[in-house]
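Okay, input-v6.cif is below, mmCIF, C-alpha atoms:
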```
data_work
#
loop_
_atom_site.group_PDB
_atom_site.id
_atom_site.type_symbol
_atom_site.label_atom_id
_atom_site.label_comp_id
_atom_site.auth_asym_id
_atom_site.auth_seq_id
_atom_site.Cartn_x
_atom_site.Cartn_y
_atom_site.Cartn_z
ATOM 1 C CA MET A 15 -176.210 165.765 164.839
ATOM 2 C CA SER A 16 -176.132 161.951 164.867
ATOM 3 C CA ASP A 17 -178.520 159.873 162.806
ATOM 4 C CA PHE A 18 -181.916 160.235 164.411
ATOM 5 C CA PRO A 19 -183.867 157.311 165.862
ATOM 6 C CA ILE A 20 -186.856 156.443 163.683
ATOM 7 C CA PHE A 21 -190.384 155.286 164.376
ATOM 8 C CA LYS A 22 -191.280 151.759 163.335
ATOM 9 C CA GLU A 23 -194.269 149.519 163.853
ATOM 10 C CA LEU A 24 -194.095 147.429 167.010
ATOM 11 C CA SER A 25 -192.325 144.107 166.517
ATOM 12 C CA SER A 26 -191.657 141.026 168.605
ATOM 13 C CA PHE A 27 -189.616 141.462 171.805
ATOM 14 C CA GLU A 28 -186.681 139.235 172.713
ATOM 15 C CA ASP A 29 -185.228 140.769 175.899
ATOM 16 C CA LYS A 30 -186.933 141.555 179.196
ATOM 17 C CA ASP A 31 -187.035 145.189 180.334
ATOM 18 C CA ASP A 32 -186.110 146.507 183.756
ATOM 19 C CA LEU A 33 -189.196 148.712 183.818
ATOM 20 C CA TYR A 34 -192.437 149.353 181.943
ATOM 21 C CA ILE A 35 -194.361 152.594 182.434
ATOM 22 C CA THR A 36 -197.946 153.106 181.326
ATOM 23 C CA ALA A 37 -201.194 154.778 182.342
ATOM 24 C CA MET A 38 -204.846 153.848 182.530
ATOM 25 C CA GLY A 39 -206.766 156.182 180.239
ATOM 26 C CA PHE A 40 -210.292 156.670 178.951
ATOM 27 C CA GLU A 41 -209.376 156.351 175.270
ATOM 28 C CA ASP A 42 -210.141 153.168 173.325
ATOM 29 C CA ARG A 43 -206.468 152.743 172.456
ATOM 30 C CA SER A 44 -205.487 152.405 176.130
ATOM 31 C CA LEU A 45 -206.440 148.718 176.190
ATOM 32 C CA GLY A 46 -205.573 148.022 172.552
ATOM 33 C CA SER A 47 -202.037 149.302 172.950
ATOM 34 C CA THR A 48 -201.418 147.031 175.936
ATOM 35 C CA LYS A 49 -202.780 144.050 174.007
ATOM 36 C CA ASP A 50 -200.318 144.789 171.207
ATOM 37 C CA LEU A 51 -197.417 144.566 173.669
ATOM 38 C CA LEU A 52 -198.662 141.215 174.976
ATOM 39 C CA ASP A 53 -199.149 139.897 171.443
ATOM 40 C CA ASN A 54 -195.508 140.759 170.726
ATOM 41 C CA ASN A 55 -194.272 138.813 173.768
ATOM 42 C CA TYR A 56 -193.342 141.843 175.873
ATOM 43 C CA LYS A 57 -191.913 141.110 179.346
ATOM 44 C CA THR A 58 -190.606 143.358 182.131
ATOM 45 C CA ASN A 59 -189.269 142.946 185.660
ATOM 46 C CA LYS A 60 -191.469 145.729 186.998
ATOM 47 C CA ALA A 61 -194.278 148.000 185.815
ATOM 48 C CA ILE A 62 -195.449 151.375 187.085
ATOM 49 C CA VAL A 63 -199.004 152.342 186.193
ATOM 50 C CA ILE A 64 -200.168 155.960 186.377
ATOM 51 C CA ARG A 65 -203.651 156.416 187.846
ATOM 52 C CA TYR A 66 -205.400 159.729 187.279
ATOM 53 C CA ASN A 67 -207.410 161.090 190.159
ATOM 54 C CA ASN A 68 -209.890 162.761 187.770
ATOM 55 C CA TYR A 69 -212.496 160.946 185.676
ATOM 56 C CA VAL A 70 -211.692 157.764 187.583
ATOM 57 C CA LYS A 71 -214.663 155.770 186.279
ATOM 58 C CA GLU A 72 -213.844 156.618 182.671
ATOM 59 C CA ASN A 73 -210.085 156.161 183.007
ATOM 60 C CA GLU A 74 -210.367 152.793 184.737
ATOM 61 C CA ARG A 75 -213.122 151.261 182.620
ATOM 62 C CA HIS A 76 -210.675 148.676 181.246
ATOM 63 C CA ARG A 77 -208.871 148.057 184.524
ATOM 64 C CA LYS A 78 -209.825 144.372 184.936
ATOM 65 C CA ASP A 79 -208.750 143.542 181.389
ATOM 66 C CA LEU A 80 -205.539 145.538 181.798
ATOM 67 C CA GLU A 81 -204.648 143.797 185.056
ATOM 68 C CA LYS A 82 -204.985 140.408 183.351
ATOM 69 C CA ILE A 83 -202.467 141.546 180.740
ATOM 70 C CA TRP A 84 -200.074 143.090 183.273
ATOM 71 C CA ASP A 85 -200.090 139.786 185.178
ATOM 72 C CA LYS A 86 -198.797 138.119 182.014
ATOM 73 C CA ILE A 87 -196.008 140.601 181.271
ATOM 74 C CA THR A 88 -194.689 141.105 184.823
ATOM 75 C CA ASN A 89 -194.823 139.709 188.341
ATOM 76 C CA ASP A 90 -194.523 143.152 189.894
ATOM 77 C CA TYR A 91 -196.603 146.214 189.111
ATOM 78 C CA SER A 92 -197.550 149.168 191.261
ATOM 79 C CA PHE A 93 -199.671 152.289 190.911
ATOM 80 C CA VAL A 94 -198.630 155.927 191.144
ATOM 81 C CA GLU A 95 -201.398 158.505 191.382
ATOM 82 C CA PHE A 96 -201.307 161.680 189.321
ATOM 83 C CA ASP A 97 -203.144 164.768 190.559
ATOM 84 C CA THR A 98 -202.863 167.896 188.408
ATOM 85 C CA ALA A 99 -202.904 169.948 191.615
ATOM 86 C CA ALA A 100 -200.007 168.014 193.160
ATOM 87 C CA ARG A 101 -197.390 167.477 190.472
ATOM 88 C CA SER A 102 -194.446 167.486 192.901
ATOM 89 C CA ARG A 103 -196.051 164.692 194.926
ATOM 90 C CA PHE A 104 -196.375 162.639 191.739
ATOM 91 C CA VAL A 105 -192.667 163.165 191.034
ATOM 92 C CA ASP A 106 -191.701 162.067 194.553
ATOM 93 C CA ASN A 107 -193.923 158.978 194.401
ATOM 94 C CA PHE A 108 -192.648 157.983 190.974
ATOM 95 C CA ILE A 109 -189.022 158.216 192.092
ATOM 96 C CA ALA A 110 -189.861 156.215 195.219
ATOM 97 C CA ASN A 111 -191.313 153.438 193.027
ATOM 98 C CA ASN A 112 -188.364 153.405 190.622
ATOM 99 C CA PRO A 113 -186.683 150.000 191.116
ATOM 100 C CA SER A 114 -183.097 150.990 190.383
ATOM 101 C CA LYS A 115 -180.807 153.674 188.984
ATOM 102 C CA PRO A 116 -179.356 153.664 186.446
ATOM 103 C CA LEU A 117 -181.900 151.593 184.537
ATOM 104 C CA LYS A 118 -180.671 149.477 181.643
ATOM 105 C CA SER A 119 -183.815 149.159 179.543
ATOM 106 C CA VAL A 120 -187.191 150.895 179.953
ATOM 107 C CA THR A 121 -190.344 151.010 177.851
ATOM 108 C CA ILE A 122 -192.782 153.870 178.336
ATOM 109 C CA ASN A 123 -196.180 153.650 176.664
ATOM 110 C CA ILE A 124 -197.329 157.235 176.107
ATOM 111 C CA SER A 125 -200.667 156.403 174.437
ATOM 112 C CA SER A 126 -202.666 157.321 177.549
ATOM 113 C CA LEU A 127 -200.342 159.854 179.138
ATOM 114 C CA ILE A 128 -201.291 163.508 179.538
ATOM 115 C CA THR A 129 -198.655 166.153 178.929
ATOM 116 C CA PHE A 130 -196.923 166.733 182.270
ATOM 117 C CA PRO A 131 -196.273 163.097 183.277
ATOM 118 C CA LEU A 132 -195.294 162.352 179.673
ATOM 119 C CA ILE A 133 -192.696 165.139 179.539
ATOM 120 C CA TRP A 134 -191.402 164.698 183.074
ATOM 121 C CA MET A 135 -191.005 160.919 182.875
ATOM 122 C CA ILE A 136 -189.381 160.833 179.420
ATOM 123 C CA ASN A 137 -186.977 163.541 180.559
ATOM 124 C CA PHE A 138 -186.219 161.499 183.695
ATOM 125 C CA LEU A 139 -185.610 158.378 181.606
ATOM 126 C CA PHE A 140 -183.346 160.188 179.149
ATOM 127 C CA ASP A 141 -181.200 161.133 182.155
ATOM 128 C CA ASN A 142 -181.315 157.808 183.979
ATOM 129 C CA ALA A 143 -181.725 154.904 181.544
ATOM 130 C CA GLU A 144 -179.294 153.306 179.119
ATOM 131 C CA LYS A 145 -182.083 152.508 176.649
ATOM 132 C CA VAL A 146 -185.541 154.078 176.391
ATOM 133 C CA ARG A 147 -188.240 152.652 174.153
ATOM 134 C CA ILE A 148 -191.274 154.887 173.601
ATOM 135 C CA VAL A 149 -194.459 153.153 172.494
ATOM 136 C CA TYR A 150 -197.389 154.975 170.901
ATOM 137 C CA THR A 151 -200.715 153.719 169.521
ATOM 138 C CA GLU A 152 -202.745 155.767 167.045
ATOM 139 C CA PRO A 153 -206.448 156.406 167.543
ATOM 140 C CA GLU A 154 -208.721 156.272 164.511
ATOM 141 C CA GLY A 155 -209.666 159.887 165.076
ATOM 142 C CA TYR A 156 -210.476 162.695 167.513
ATOM 143 C CA GLY A 157 -213.585 164.540 168.578
ATOM 144 C CA ASN A 158 -214.706 167.391 166.342
ATOM 145 C CA GLN A 159 -214.919 170.750 168.132
ATOM 146 C CA LEU A 160 -216.372 172.313 164.981
ATOM 147 C CA GLU A 161 -219.560 170.332 165.457
ATOM 148 C CA ASP A 162 -219.641 169.899 169.226
ATOM 149 C CA SER A 163 -218.300 172.398 171.759
ATOM 150 C CA HIS A 164 -218.238 169.545 174.299
ATOM 151 C CA SER A 165 -215.692 167.597 172.281
ATOM 152 C CA PHE A 166 -212.058 166.960 173.218
ATOM 153 C CA SER A 167 -211.531 169.494 176.041
ATOM 154 C CA SER A 168 -212.359 173.053 177.008
ATOM 155 C CA GLY A 169 -210.426 176.186 177.835
ATOM 156 C CA VAL A 170 -207.258 176.576 179.865
ATOM 157 C CA LYS A 171 -207.181 176.039 183.611
ATOM 158 C CA GLU A 172 -203.451 176.606 184.045
ATOM 159 C CA ILE A 173 -200.335 177.383 182.016
ATOM 160 C CA PHE A 174 -197.065 176.374 183.641
ATOM 161 C CA THR A 175 -193.486 175.333 182.986
ATOM 162 C CA MET A 176 -190.953 173.064 184.638
ATOM 163 C CA GLU A 177 -187.911 174.386 186.489
ATOM 164 C CA GLU A 178 -185.480 172.695 184.109
ATOM 165 C CA PHE A 179 -187.262 174.186 181.077
ATOM 166 C CA SER A 180 -187.899 177.732 182.273
ATOM 167 C CA GLY A 181 -185.790 179.222 179.452
ATOM 168 C CA ALA A 182 -184.167 182.652 179.288
ATOM 169 C CA GLN A 183 -186.740 185.432 179.414
ATOM 170 C CA LEU A 184 -184.798 188.620 178.679
ATOM 171 C CA PRO A 185 -186.276 192.104 179.295
ATOM 172 C CA GLY A 186 -186.953 194.179 176.206
ATOM 173 C CA TYR A 187 -187.146 191.188 173.867
ATOM 174 C CA LEU A 188 -190.187 190.323 171.765
ATOM 175 C CA SER A 189 -192.133 187.181 172.662
ATOM 176 C CA LEU A 190 -192.368 184.419 170.068
ATOM 177 C CA LEU A 191 -194.882 181.668 170.812
ATOM 178 C CA VAL A 192 -194.219 178.453 168.919
ATOM 179 C CA ILE A 193 -197.257 176.277 169.562
ATOM 180 C CA PHE A 194 -197.955 172.698 168.601
ATOM 181 C CA LEU A 195 -201.522 172.513 167.342
ATOM 182 C CA GLY A 196 -203.923 169.587 167.196
ATOM 183 C CA TYR A 197 -207.677 169.167 167.201
ATOM 184 C CA ASP A 198 -208.253 171.380 170.244
ATOM 185 C CA PHE A 199 -208.496 174.960 168.981
ATOM 186 C CA ILE A 200 -210.471 176.167 172.024
ATOM 187 C CA ARG A 201 -207.572 175.426 174.358
ATOM 188 C CA ALA A 202 -205.120 177.010 171.905
ATOM 189 C CA ARG A 203 -207.110 180.251 171.956
ATOM 190 C CA GLY A 204 -206.996 180.250 175.732
ATOM 191 C CA ILE A 205 -203.191 180.032 175.573
ATOM 192 C CA TYR A 206 -203.024 182.981 173.157
ATOM 193 C CA ASP A 207 -205.265 185.063 175.422
ATOM 194 C CA GLN A 208 -203.077 184.450 178.461
ATOM 195 C CA ILE A 209 -199.653 184.728 176.789
ATOM 196 C CA GLN A 210 -200.384 187.615 174.367
ATOM 197 C CA PRO A 211 -197.262 186.918 172.243
ATOM 198 C CA SER A 212 -195.742 189.384 169.785
ATOM 199 C CA LYS A 213 -195.773 186.646 167.136
ATOM 200 C CA LYS A 214 -197.045 183.085 166.768
ATOM 201 C CA ILE A 215 -195.760 180.131 164.790
ATOM 202 C CA GLY A 216 -198.183 177.215 164.699
ATOM 203 C CA ILE A 217 -196.926 173.673 164.129
ATOM 204 C CA PHE A 218 -199.406 171.177 162.748
ATOM 205 C CA ALA A 219 -199.140 167.409 162.448
ATOM 206 C CA LYS A 220 -199.915 165.944 159.053
ATOM 207 C CA PRO A 221 -203.032 163.761 159.323
ATOM 208 C CA ASN A 222 -202.008 160.117 159.484
ATOM 209 C CA THR A 223 -205.332 158.248 159.561
ATOM 210 C CA PRO A 224 -208.215 158.154 157.040
ATOM 211 C CA LYS A 225 -210.651 159.580 159.604
ATOM 212 C CA LEU A 226 -208.471 162.691 159.986
ATOM 213 C CA TYR A 227 -207.861 163.493 156.325
ATOM 214 C CA ASP A 228 -211.210 165.261 155.895
ATOM 215 C CA LEU A 229 -211.205 166.882 159.336
ATOM 216 C CA PHE A 230 -207.679 168.283 159.220
ATOM 217 C CA PRO A 231 -208.186 171.091 156.630
ATOM 218 C CA ARG A 232 -211.222 172.357 158.530
ATOM 219 C CA MET A 233 -209.394 172.339 161.869
ATOM 220 C CA GLU A 234 -206.361 173.984 160.300
ATOM 221 C CA SER A 235 -208.595 176.729 158.918
ATOM 222 C CA GLU A 236 -210.196 177.218 162.337
ATOM 223 C CA HIS A 237 -206.793 177.570 164.009
ATOM 224 C CA LYS A 238 -205.688 180.123 161.418
ATOM 225 C CA LYS A 239 -208.586 182.399 162.387
ATOM 226 C CA SER A 240 -206.505 183.239 165.485
ATOM 227 C CA PHE A 241 -203.402 184.097 163.432
ATOM 228 C CA GLU A 242 -202.319 187.518 162.200
ATOM 229 C CA SER A 243 -200.716 188.182 158.818
ATOM 230 C CA SER A 244 -197.252 188.212 160.422
ATOM 231 C CA ASP A 245 -197.793 184.818 162.072
ATOM 232 C CA GLU A 246 -196.670 181.576 160.445
ATOM 233 C CA VAL A 247 -197.702 177.928 160.263
ATOM 234 C CA LYS A 248 -195.595 174.847 159.549
ATOM 235 C CA THR A 249 -196.538 171.197 159.142
ATOM 236 C CA PHE A 250 -194.491 168.122 160.037
ATOM 237 C CA SER A 251 -195.242 164.414 160.030
ATOM 238 C CA ILE A 252 -195.644 162.963 163.508
ATOM 239 C CA PHE A 253 -193.044 160.363 162.499
ATOM 240 C CA ASP A 254 -190.401 162.850 161.287
ATOM 241 C CA LEU A 255 -188.432 163.515 164.469
ATOM 242 C CA GLU A 256 -185.374 164.765 162.588
ATOM 243 C CA GLY A 257 -187.373 167.127 160.365
ATOM 244 C CA LEU A 258 -189.237 168.559 163.345
ATOM 245 C CA ILE A 259 -186.099 169.252 165.378
ATOM 246 C CA LYS A 260 -184.347 170.788 162.386
ATOM 247 C CA GLY A 261 -187.414 172.970 161.806
ATOM 248 C CA LEU A 262 -187.412 174.121 165.430
ATOM 249 C CA THR A 263 -183.672 174.767 165.230
ATOM 250 C CA GLN A 264 -184.178 176.984 162.177
ATOM 251 C CA ILE A 265 -186.874 178.963 163.992
ATOM 252 C CA ARG A 266 -184.528 179.476 166.914
ATOM 253 C CA GLU A 267 -181.621 180.554 164.715
ATOM 254 C CA THR A 268 -183.676 183.260 163.025
ATOM 255 C CA SER A 269 -185.404 184.538 166.188
ATOM 256 C CA ILE A 270 -183.189 184.071 169.253
ATOM 257 C CA GLU A 271 -181.375 187.416 168.851
ATOM 258 C CA THR A 272 -184.634 189.395 169.093
ATOM 259 C CA SER A 273 -187.176 187.200 170.852
ATOM 260 C CA ASN A 274 -187.839 185.173 173.960
ATOM 261 C CA ILE A 275 -189.028 181.838 172.549
ATOM 262 C CA LEU A 276 -191.903 180.015 174.225
ATOM 263 C CA LEU A 277 -192.671 176.478 173.086
ATOM 264 C CA ALA A 278 -196.248 175.443 173.951
ATOM 265 C CA LEU A 279 -197.385 171.824 173.836
ATOM 266 C CA ASN A 280 -200.949 171.541 172.571
ATOM 267 C CA GLY A 281 -200.638 168.964 169.810
ATOM 268 C CA THR A 282 -199.725 165.331 169.247
ATOM 269 C CA LYS A 283 -197.740 163.325 171.785
ATOM 270 C CA LEU A 284 -195.139 162.312 169.198
ATOM 271 C CA HIS A 285 -194.324 165.947 168.432
ATOM 272 C CA HIS A 286 -193.910 166.500 172.157
ATOM 273 C CA ILE A 287 -190.950 164.092 172.139
ATOM 274 C CA GLY A 288 -189.179 166.346 169.645
ATOM 275 C CA ALA A 289 -190.119 169.438 171.628
ATOM 276 C CA LEU A 290 -188.632 167.917 174.781
ATOM 277 C CA LEU A 291 -185.359 167.043 173.055
ATOM 278 C CA PHE A 292 -185.171 170.524 171.542
ATOM 279 C CA ALA A 293 -185.784 172.290 174.880
ATOM 280 C CA LYS A 294 -183.336 169.933 176.578
ATOM 281 C CA LYS A 295 -180.652 170.919 174.054
ATOM 282 C CA TYR A 296 -181.327 174.675 174.030
ATOM 283 C CA LYS A 297 -181.708 176.015 177.559
ATOM 284 C CA ASP A 298 -182.918 179.440 176.346
ATOM 285 C CA ILE A 299 -186.227 177.868 175.215
ATOM 286 C CA GLN A 300 -189.124 177.973 177.673
ATOM 287 C CA LEU A 301 -191.364 174.930 177.510
ATOM 288 C CA LEU A 302 -195.018 175.701 178.270
ATOM 289 C CA LEU A 303 -197.512 173.103 179.425
ATOM 290 C CA SER A 304 -201.186 173.623 180.116
ATOM 291 C CA SER A 305 -204.142 171.838 181.613
ATOM 292 C CA PRO A 306 -207.714 172.275 180.335
ATOM 293 C CA LEU A 307 -210.677 173.348 182.388
ATOM 294 C CA GLU A 308 -212.360 170.076 181.493
ATOM 295 C CA TYR A 309 -211.833 166.932 179.439
ATOM 296 C CA TYR A 310 -214.674 165.267 177.568
ATOM 297 C CA PRO A 311 -213.853 161.550 177.837
ATOM 298 C CA HIS A 312 -216.764 160.347 175.715
ATOM 299 C CA SER A 313 -215.861 162.514 172.709
ATOM 300 C CA TYR A 314 -212.083 162.887 173.015
ATOM 301 C CA SER A 315 -210.830 160.203 170.626
ATOM 302 C CA PHE A 316 -212.139 156.954 169.240
ATOM 303 C CA GLY A 317 -210.839 153.671 167.961
ATOM 304 C CA LYS A 318 -207.382 152.168 167.779
ATOM 305 C CA ARG A 319 -205.001 151.669 164.866
ATOM 306 C CA ARG A 320 -201.275 150.856 164.604
ATOM 307 C CA THR A 321 -198.763 150.749 167.459
ATOM 308 C CA PHE A 322 -195.287 152.212 166.953
ATOM 309 C CA GLU A 323 -192.018 152.283 168.855
ATOM 310 C CA ILE A 324 -188.953 154.513 168.805
ATOM 311 C CA ASN A 325 -185.736 153.624 170.621
ATOM 312 C CA PHE A 326 -183.226 155.985 172.217
ATOM 313 C CA GLU A 327 -179.786 154.955 173.431
ATOM 314 C CA LEU A 328 -178.052 156.962 176.166
ATOM 315 C CA GLY A 329 -175.072 157.496 173.877
ATOM 316 C CA TRP A 330 -177.274 159.072 171.223
ATOM 317 C CA ILE A 331 -178.942 161.375 173.755
ATOM 318 C CA THR A 332 -175.551 162.473 175.116
ATOM 319 C CA ASN A 333 -174.187 163.153 171.654
ATOM 320 C CA PHE A 334 -177.325 165.011 170.535
ATOM 321 C CA LEU A 335 -177.176 167.346 173.517
ATOM 322 C CA LYS A 336 -173.472 168.117 172.997
ATOM 323 C CA THR A 337 -173.387 168.704 169.211
#
```

Same coordinates, now as structure tokens:
Amino acid sequence: MSDFPIFKELSSFEDKDDLYITAMGFEDRSLGSTKDLLDNNYKTNKAIVIRYNNYVKENERHRKDLEKIWDKITNDYSFVEFDTAARSRFVDNFIANNPSKPLKSVTINISSLITFPLIWMINFLFDNAEKVRIVYTEPEGYGNQLEDSHSFSSGVKEIFTMEEFSGAQLPGYLSLLVIFLGYDFIRARGIYDQIQPSKKIGIFAKPNTPKLYDLFPRMESEHKKSFESSDEVKTFSIFDLEGLIKGLTQIRETSIETSNILLALNGTKLHHIGALLFAKKYKDIQLLLSSPLEYYPHSYSFGKRRTFEINFELGWITNFLKT
């Protein structure tokens, strides 16, 4: 494999992008992340903003402030609505709003993106852009489900995959569920109940903010209550893309001859980038996405910390997929 792109803190921009993609979200970092781009002189020819049709009041609480910033970074921005019950319509509308193909340079800010639009759009950009910059802003911390059952989100409304990541489900094979785990153990348990895998491997993200250091061991312990003695857990930094993909590759090498491998996204957004690249490279992996019964906007995450970027060139993507 080629040298992997690395995460670095956001720095000043010199060139103007073809396209900027972002979303309005209810988290504190939604506005802070956009301010960081403006402070670093970010400019783009066009912007596409994802609007969620649920929790509209909460998701658009910073809309006026965001629009003032968008007016400074571009002369052309448009909205694309996302409805969890109409994912194909979102895809059609996004493509209709795409200014040109192939795109030379695109920045996608994933700080406020939920899983499906995040995965679908990054996958689209990897196929259609010469350069993709992914921007991510850390929160200070997340809601604590150990102390409040109405924190983060609840249950599982739907588990689904995407046609291009449906994997190879062979009859007679065992089922191995590799699941990315975060601070939402209630949703994870709903996935286990519906999938009923033969074995589970949980992947945790090392805590990266002071507010999470104390919470992480307790959440890890709570997740492990759902694990059998034959199950495994692994931990990777959210900034170690190479280590994560190598870890997933090792899991596949030791299991693919006996098991159908399901890769469930229920953790950090940065790990989801690695999961997407891995599933894009190995077509026998089934990528599982899920939507919760309910979000809890007022106790989901809080605060805003550092903003990072990671850059992917089309040549690197092509080489990674071939080797």

Which residue gives the smallest distance to Leu284 in chain A among A:Asp42, A:Asp85, A:Asp254, A:Asp50, with only C-alpha atoms counted?
->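 Counting only C-alpha atoms, the residue closest to Leu284 in chain A is A:Asp254.
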
The PyMOL selection byres ((chain A and resi 79) around 12) on the file shown: which residues, as a list of chain:residue names?
->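 Answer for the PyMOL selection byres ((chain A and resi 79) around 12): A:Met38, A:Ser44, A:Leu45, A:Gly46, A:Thr48, A:Lys49, A:Glu74, A:Arg75, A:His76, A:Arg77, A:Lys78, A:Leu80, A:Glu81, A:Lys82, A:Ile83, A:Trp84, A:Asp85, A:Lys86.
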
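Taking CA of Glu234 in chain A as the reference point, CA of Tyr206 in chain A is found at 16.0 Å.
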
Could you write out as a list in words the residues that the PyMOL selection byres ((chain A and resi 244) around 12) matches in the shown file?
->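 Here the PyMOL selection byres ((chain A and resi 244) around 12) matches Leu190, Pro211, Ser212, Lys213, Lys214, Ile215, Gly216, Lys238, Ser240, Phe241, Glu242, Ser243, Asp245, Glu246 and Val247 of chain A.
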
Output the residue selection produced by the PyMOL selection byres ((chain A and resi 140) around 10) on the file above, formatted as a list in words.
->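 On this input, the PyMOL selection byres ((chain A and resi 140) around 10) captures Met135, Ile136, Asn137, Phe138, Leu139, Asp141, Asn142, Ala143, Glu144, Lys145, Val146, Leu291, Phe326, Glu327, Leu328, Ile331 and Thr332 of chain A.
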